[in-house]
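Report on one structure; see the data block that follows.
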Amino acid sequence: MAAAAEEALAPAGALGGLVQDYVVGQQDGLAAEVAADVKSGRCTVLQVVEALGSCLENPEPRTRGRGIQLLSQVLLQCHPLLLEKEVVHLTLFYENQLKDHHLVIPSVLQGLRALSLCDVLPPGLAVSVLKAIFQEVHVQSLTQMDRHTVYSIITNFMRTREEELKGLGADFTFGFIQVMDGEKDPRNLLVAFRIVYDLISKDYSLGPFVEELFEVTSCYFPVDFTPPPNDPHGIQREDLILSLRAVLASTPRFAEFLLPLLIEKVDSEMLSAKLDSLQTLNACCAVYGQKELKDFLPSLWASIRREVFQTSSERVEAEGLAALHSLSVCLSRSVLEADAEDLLDSFLGSILEDCRHHLCEPDMKLVWPSAKLLQAAAGASARACDRITSTVIPLLLEQFNRHSQSSQRRTILEMLLGFLKLQQKWGNEDKDEIPLSGFKAPLCSLVSLALADPSTQLQLVGIRALTILGAQRGLLSAEDLELAADYLYRLSFLKEDSQSCLAAMEASGTLATLYPTVFISHLVPRLAQELHTGDTELASGEGPSYQARRLRCLQALSAVSTHPSIVRETLPVLLQHLRRVHRGNNAEAKEVIAVCRSLHLVAGQCQQEPESCWYFHQTAVPCLLGLAVQASMPEKGLPSLGKLLLEEEVLAAMVSVISTASTHLSPELAAQSVALIVPLFLDGNISLLSENSFPNKFLPFQNSSSEQKRLVALLMAFVCSLPRNVEIPQLDRLMQELLTLSCHHDGLFSCTAAAKCFAGLLNKHPAGQQLDEFLQKAMEKVEAGLNPGPYRTQAFTLLLWVTKALVLRYHPLSSCLTERLMGLLSDAELGPAAADGFSLLMADCPDVLHRAGHAEIRIMFRQRFFTDSMPALVHGFHAAHQNVKPNYLKGLSHVLNSLPKSVLLPELPTLLSLLLEALSCTDCVVQLSTLSCLQPLLLDAPQVMSLHIDTLITKFLNLSCSPSMAVRIAALQCIYALTRLPTPVLLPYKMQVIRALAKPLDDKKRLVRREAVTARGAWFLLGSPGS
Amino acid sequence: MVGAGGGTGLGGLLENANPLIYQRSGERPVTAGEEDDQVPDSIDDREIFDLIRSINDPEHPLTLEELNVVEQVRVKVNDKESTVAVEFTPTIPHCSMATLIGLSIKVKLIRSLPERFKMDVHITPGTHASEHAVNKQLADKERVAAALENSHLLEVVNQCLSARSQLD
């Protein structure tokens, strides 16, 4: 019988053989071969059908199914090749097969899916396929995959044959409702929700089936789904929630069914249901109007109010407020019909009704929730804001006066502040009257009371309120503003309390941008006066309080310099003060630094305004240079503080002023300035300086005093901050002089300044012959200096800075220089310095080679340096002599520290053996960086780390007693992270670790004890019940 | 205080289903002195309070601090003399969990403090019906040790002491 059947089935040729082996021989792989034959044109689809021939009509359903499966597989791969005529025949065939045995159906659906992808499918067939599916197939009794195929067919048709499907009218919608009714699988639901969303958003006819469509989707709300562990499909609960929300919130036609459901779920006990419902409501408000919301507003408000008043979850509160805001937005947006009631007005009315009495309760129990609700509603529109603030502001003003305690007044003022901010948000567009002007007088007196109050907290809120009132253009009169300036002046000099002072200074800066004239006439002169009197007091030897006042003065002057016209008043005051300090008798470096810090802040505030920027540069830079040059002159009569300006810290402060004053110059003005400053340093041309009677020539690059040479730092501040397109005169000569000075015997400071300046210029210089020459000369200098002799440190410093300049810009020579630097790690004398040099290479410098100064810095330079240098460092470490090994570890540690851990993580396992060895290193930097690398590894790769458990525990416990606090903390964090390893690995060590951790529990540092407590607690829980 | 009576979902099963909920104090700000390697920081009241405030209540998904069972003013420590005294206040006078809460506090202190400390954990006077009996049990070293031998009790205590936040 079997043989006869086989003979009957066997058609001629190779194709016949393949078909036969697939159908009878159950060899699945052959489908691909047949498909390949069709694709390559060796046979046609028609021939495949003919070859299948009788097995498609075989009485045994399994054989029929197998035959259709082969055909469907081929079609899935070859559907673009099909001709219209073939498609018609195949479609009719498949449609007919839908009536066949249930074993055949899956293969039939696959074939229909292939056909649904055909562009040549003639009109009308899509509809008939869908009708047949709706009629013949009971979708929900199919397997998940087959159901998915049905959804795919529908999706494909909806994408390409929208018009045809719409011709089906509501029948299509009804058919689909039946298809998805009862769907349980999350993968299918995501597709089904998408289809429903398209049905609604692409305006398919829903006919009388709106409620059915709602029912068939809303039955999943709120989504309760936890993905199984190790789920390969990666569908999250959040995906389902969002796609279902998109459906539910897609049309106002669902409103009458959805809103009661949402209210019911907000009122339920489940936190997630509350959140989901409130978020869905929020989404609905985007498409709803007055009509949909009208009947449900009282219930919605009651539910939201309860959640905000009574909740224990901040998220529910936040979502409740967001939903209320959206409701109010929605009602504000709706267009009113002539005779309709304004729902916004009545809705806000009920909110006010329910909240206002809480604002007046003497115990102030629910004031904050009430204020938040009111503000959420008021934030929706100008209309809502007016309606609410016009009632609430007078109420709060009254409450403020009724309470006398500072803390209560503060609460009330903070709430008031929220409403004022909302008023500001809506501004006074198309209104005749300035908002708030009706309340101006009481508001001003309230702010005065707050500012005069002894409580810092109340002062702070008062200052914020003042800033907001000031920002409302036209509200405050000139007298009000003068009074405000007085208050801010007074607050800036409050004793001890720096919080209010800082806030007052910030506020004066903000208000000064709006009302510069008031602050020029009322604040700046008083500050200048104060600074001057302070000086006189200082001269008569007064105590530290005057010093503190002067510092505040300097801070206040810089804070208020937020407007170009104010800078023209404050900058001369600051420079005048600097000259006085310089000339004075017993000034301290601290004082000069404070002035420079103020100048630096002012320079920063000037940067955006080109005119102001030039004014600052032109005024401050020559003054600073002049003072410094004067200080560098060898003069007998000059008191010791002449040298004050040459101290390292002071010069650093001046560097930051000059640098900030130069970065934003326009190229023309920068060129003008550079033409004066470079000759000053190269030729001693002092025409730039206002004072020009110096006893000696200023020639820092020639045989001058070491004092003059120190000022090269100021040259660096200027030339290395200029935009890249500014040409520097006499560059060749300048570079040569810098190189010479960089390996000089006159003090390390000037040598380093010269090396930095050289590097800064090198970094910006365009590639080309000149750059190569500079580099070659630099390398010759370095190599000559590194030979045994007196200049090794200087030559090393030059090498380091030049390397940094090149590493930042990915210059091809940088790898060569890095290698040279790595070679020095094994140098007995320079090794430790070379190791620390890696930290300089990776760090951002404050004064040179930084982004603000237009240096060429590629964003990924650290990662690149790490990738390039790591193998050599690791290799060098293994090859190095025991004495110098720590240098390699330290260098590597600096590189590792500079990179984000996420970048390092994939590389760390290859470094593991080195890291384990580094744990025994005695250098703190190495220990710390090693621990910080191992900690994420313990969390991420517990299996690998388990192999080293013995070493890890011993070393970590040792380091938890290190003399360095940071190391102890890091070691304890690692011991805590160890608890992530598999418990059976840890249990043998449990008692040992717990005993050892008793010691750090009594550490002298609190931060260490905290980590010890966490770690020890976690170790106690290991393998214990209930953990 | 945030507000009263958020529903907890377990309704009548709890003795006190709707407790008042108090705000958690923030993390202790780190001072410059604490970051200085050289300056010793003594163990103070706040440090002890930080140890116990995040202990979970055995029957609410809330901490002892949120339920106001422990407060910083009811913690007294003397670092020099190595003594600690903690008073705790059960949410209601007939709370049957009082012993368990006391035990959790005691165990947390034993695990977290240097051995030199002598610890005294007791109920705030006048806030619990069987105050005396509970205090006596908590003060008895042997009974505490025996309680921790009981794996069911240990399980509950460990649950109370498990950190809410996992390693990240």
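FYI, nothing fancy with the structure tokens labels: chains A, B, ... in order, residues from 1 per chain, ligands from 1 as they appear.
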(request) Pick out the residues sitting within 7 Å of Gln459 of chain A, and hand them over as a ChimeraX atom specification; count only C-alpha atoms, and ignore anything fewer than 4 positions along from it in its own chain. (result) /A:450-451,453,455,463,500
(request) Report as a ChimeraX atom specification: the residues of segment 379-460 of chain A with a DSSP assignment of helix (DSSP H, G or I), based on the backbone of this structure. (result) /A:382-402,406-426,437-452,456-460
Mind running chain A against chain B at 8 Å and telling me each contacting residue's nearest atom pair with the distance in Å (one decimal), counting only C-alpha atoms, chain and number ascending, as a Markdown table?
```
| residue | atom | partner | partner_atom | distance |
| --- | --- | --- | --- | --- |
| A:Glu269 | CA | B:Gly9 | CA | 5.6 |
| A:Met270 | CA | B:Gly9 | CA | 7.4 |
| A:Phe309 | CA | B:Gly3 | CA | 6.8 |
| A:Gln310 | CA | B:Gly3 | CA | 5.5 |
| A:Thr311 | CA | B:Gly6 | CA | 5.3 |
| A:Ser312 | CA | B:Gly6 | CA | 5.6 |
| A:Leu366 | CA | B:Gly3 | CA | 7.9 |
| A:Leu939 | CA | B:Asp168 | CA | 7.9 |
| A:Ser964 | CA | B:Asp37 | CA | 7.0 |
| A:Met965 | CA | B:Asp37 | CA | 5.8 |
| A:Ala977 | CA | B:Leu167 | CA | 7.5 |
| A:Ala998 | CA | B:Pro114 | CA | 6.2 |
| A:Lys999 | CA | B:Pro114 | CA | 7.3 |
| A:Leu1001 | CA | B:Pro114 | CA | 5.5 |
| A:Asp1002 | CA | B:Pro114 | CA | 5.4 |
| A:Lys1004 | CA | B:Pro40 | CA | 4.9 |
| A:Lys1005 | CA | B:Asp41 | CA | 5.4 |
| A:Arg1006 | CA | B:Asp41 | CA | 5.8 |
| A:Leu1007 | CA | B:Glu34 | CA | 6.9 |
| A:Ala1012 | CA | B:Ser112 | CA | 8.0 |
| A:Val1013 | CA | B:Ser112 | CA | 5.1 |
| A:Arg1016 | CA | B:Arg111 | CA | 7.2 |
| A:Gly1017 | CA | B:Arg111 | CA | 6.5 |
| A:Ala1018 | CA | B:Ser162 | CA | 7.9 |
| A:Phe1020 | CA | B:Arg111 | CA | 7.9 |
| A:Leu1021 | CA | B:Asn158 | CA | 6.8 |
| A:Ser1024 | CA | B:Glu155 | CA | 7.5 |
| A:Pro1025 | CA | B:Glu155 | CA | 4.7 |
| A:Gly1026 | CA | B:Glu155 | CA | 4.0 |
| A:Ser1027 | CA | B:Asn158 | CA | 5.9 |
```
Dump as a compact mmCIF listing (two decimals), in the first residue's frame, selection limited to N, CA and C atoms:
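Result written to out-v8.txt:
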```
# COMPACT_ATOMS: atom_id res chain seq x y z
N GLU A 269 -7.06 49.24 45.69
CA GLU A 269 -5.99 49.25 46.69
C GLU A 269 -4.62 49.10 46.06
N MET A 270 -4.60 48.67 44.80
CA MET A 270 -3.29 48.35 44.22
C MET A 270 -2.56 49.58 43.72
N PHE A 309 -4.26 63.86 49.02
CA PHE A 309 -4.35 64.14 50.45
C PHE A 309 -3.84 62.98 51.31
N GLN A 310 -4.08 61.77 50.86
CA GLN A 310 -3.87 60.65 51.77
C GLN A 310 -2.77 59.70 51.37
N THR A 311 -2.12 59.95 50.27
CA THR A 311 -1.24 58.91 49.77
C THR A 311 0.01 58.74 50.62
N SER A 312 0.57 57.55 50.55
CA SER A 312 1.86 57.34 51.18
C SER A 312 2.92 57.17 50.11
N LEU A 366 -2.93 70.13 56.11
CA LEU A 366 -3.03 69.73 54.70
C LEU A 366 -2.73 70.90 53.76
N LEU A 939 30.53 42.66 41.03
CA LEU A 939 29.09 42.71 40.78
C LEU A 939 28.76 42.10 39.43
N SER A 964 45.16 54.74 55.06
CA SER A 964 44.38 55.73 54.31
C SER A 964 42.89 55.43 54.41
N MET A 965 42.13 56.44 54.77
CA MET A 965 40.69 56.27 54.95
C MET A 965 40.02 55.85 53.64
N ALA A 977 30.60 43.95 48.31
CA ALA A 977 30.31 43.45 46.96
C ALA A 977 30.57 41.95 46.84
N ALA A 998 34.80 43.12 62.85
CA ALA A 998 34.53 43.75 64.14
C ALA A 998 35.48 44.92 64.36
N LYS A 999 36.68 44.83 63.81
CA LYS A 999 37.65 45.90 64.02
C LYS A 999 37.24 47.21 63.33
N LEU A 1001 34.45 48.22 62.66
CA LEU A 1001 33.25 48.79 63.29
C LEU A 1001 33.65 49.86 64.31
N ASP A 1002 34.89 49.77 64.80
CA ASP A 1002 35.36 50.73 65.80
C ASP A 1002 36.38 51.69 65.18
N LYS A 1004 38.12 54.97 63.60
CA LYS A 1004 37.95 56.33 64.12
C LYS A 1004 37.13 57.19 63.17
N LYS A 1005 37.01 56.79 61.90
CA LYS A 1005 36.26 57.60 60.94
C LYS A 1005 34.84 57.04 60.73
N ARG A 1006 33.87 57.96 60.78
CA ARG A 1006 32.47 57.55 60.65
C ARG A 1006 32.17 56.93 59.29
N LEU A 1007 32.75 57.50 58.25
CA LEU A 1007 32.46 56.99 56.90
C LEU A 1007 32.94 55.56 56.75
N ALA A 1012 31.61 49.51 57.05
CA ALA A 1012 31.82 48.27 57.79
C ALA A 1012 30.48 47.69 58.24
N VAL A 1013 29.58 48.57 58.70
CA VAL A 1013 28.26 48.12 59.15
C VAL A 1013 27.51 47.46 57.99
N ARG A 1016 29.26 44.10 57.10
CA ARG A 1016 29.12 43.06 58.11
C ARG A 1016 27.67 42.56 58.16
N GLY A 1017 26.71 43.52 58.07
CA GLY A 1017 25.30 43.13 58.06
C GLY A 1017 25.00 42.16 56.92
N ALA A 1018 25.55 42.46 55.75
CA ALA A 1018 25.28 41.59 54.60
C ALA A 1018 25.91 40.22 54.78
N PHE A 1020 26.39 38.72 57.65
CA PHE A 1020 25.57 37.99 58.64
C PHE A 1020 24.40 37.30 57.96
N LEU A 1021 23.83 37.97 56.95
CA LEU A 1021 22.63 37.42 56.32
C LEU A 1021 22.93 36.24 55.40
N SER A 1024 21.63 32.64 55.92
CA SER A 1024 20.81 32.65 57.12
C SER A 1024 19.34 32.70 56.71
N PRO A 1025 18.41 32.12 57.46
CA PRO A 1025 17.01 32.14 57.03
C PRO A 1025 16.48 33.57 56.95
N GLY A 1026 15.64 33.79 55.97
CA GLY A 1026 14.97 35.09 55.88
C GLY A 1026 15.73 36.13 55.09
N SER A 1027 16.93 35.78 54.60
CA SER A 1027 17.69 36.79 53.86
C SER A 1027 17.34 36.72 52.38
```
(request) Write out as a PyMOL selection string which residues come within 8 Å of segment 876-886 of chain A when counting only C-alpha atoms, dropping same-chain ones fewer than 6 positions away. (result) chain A and resi 825-828+831+921+923
Only N, CA and C atoms, please: the residues just picked out, written as an mmCIF file, in the first residue's frame.
```
data_model
loop_
_atom_site.group_PDB
_atom_site.id
_atom_site.type_symbol
_atom_site.label_atom_id
_atom_site.label_comp_id
_atom_site.auth_asym_id
_atom_site.auth_seq_id
_atom_site.Cartn_x
_atom_site.Cartn_y
_atom_site.Cartn_z
ATOM 1 N N LEU A 825 59.459 54.963 32.994
ATOM 2 C CA LEU A 825 58.894 54.339 34.208
ATOM 3 C C LEU A 825 59.937 53.472 34.905
ATOM 4 N N SER A 826 60.885 52.937 34.135
ATOM 5 C CA SER A 826 61.888 52.085 34.778
ATOM 6 C C SER A 826 63.160 52.874 35.097
ATOM 7 N N ASP A 827 63.076 54.200 34.944
ATOM 8 C CA ASP A 827 64.217 55.049 35.275
ATOM 9 C C ASP A 827 64.275 55.215 36.801
ATOM 10 N N ALA A 828 65.455 54.991 37.351
ATOM 11 C CA ALA A 828 65.561 55.014 38.810
ATOM 12 C C ALA A 828 65.199 56.382 39.379
ATOM 13 N N GLY A 831 61.402 57.639 37.435
ATOM 14 C CA GLY A 831 60.309 56.664 37.394
ATOM 15 C C GLY A 831 59.042 57.111 38.109
ATOM 16 N N CYS A 921 50.458 45.856 46.253
ATOM 17 C CA CYS A 921 51.317 47.029 46.123
ATOM 18 C C CYS A 921 51.103 47.959 47.322
ATOM 19 N N ASP A 923 51.523 51.236 47.391
ATOM 20 C CA ASP A 923 51.159 52.612 47.055
ATOM 21 C C ASP A 923 49.643 52.813 47.152
#
```
(message) Using DSSP assignments from the backbone, pull out every residue in chain B that falls under strand (DSSP E or B) and give it to me as a PyMOL selection string.
(response) chain B and resi 3-4+20-21+56+63+75-78+83-88+118-123
Write out the residues from the selection above, keeping C-alpha atoms, as a short mmCIF file (atom, residue, chain, number, x, y, z; two decimals), in the first residue's frame.
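Ended up saving to part34.cif:
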```cif
data_model
loop_
_atom_site.label_atom_id
_atom_site.label_comp_id
_atom_site.auth_asym_id
_atom_site.auth_seq_id
_atom_site.Cartn_x
_atom_site.Cartn_y
_atom_site.Cartn_z
CA GLY B 3 -0.63 62.33 55.90
CA ALA B 4 -2.79 59.85 57.67
CA LEU B 20 0.32 57.53 60.86
CA ILE B 21 3.27 57.78 58.53
CA ASN B 56 11.68 47.28 58.48
CA THR B 63 10.56 51.45 58.33
CA VAL B 75 18.72 57.43 71.35
CA LYS B 76 21.49 58.08 73.85
CA VAL B 77 25.08 57.09 73.32
CA ASN B 78 28.23 57.67 75.30
CA THR B 83 27.12 52.64 76.46
CA VAL B 84 24.08 52.88 74.21
CA ALA B 85 20.46 53.27 75.28
CA VAL B 86 17.59 53.10 72.79
CA GLU B 87 13.93 53.64 73.61
CA PHE B 88 11.34 52.52 71.12
CA LYS B 118 26.93 47.80 76.52
CA MET B 119 23.49 48.02 74.95
CA ASP B 120 20.17 48.77 76.55
CA VAL B 121 17.04 48.51 74.39
CA HIS B 122 13.71 49.20 76.06
CA ILE B 123 10.19 50.49 75.48
#
```
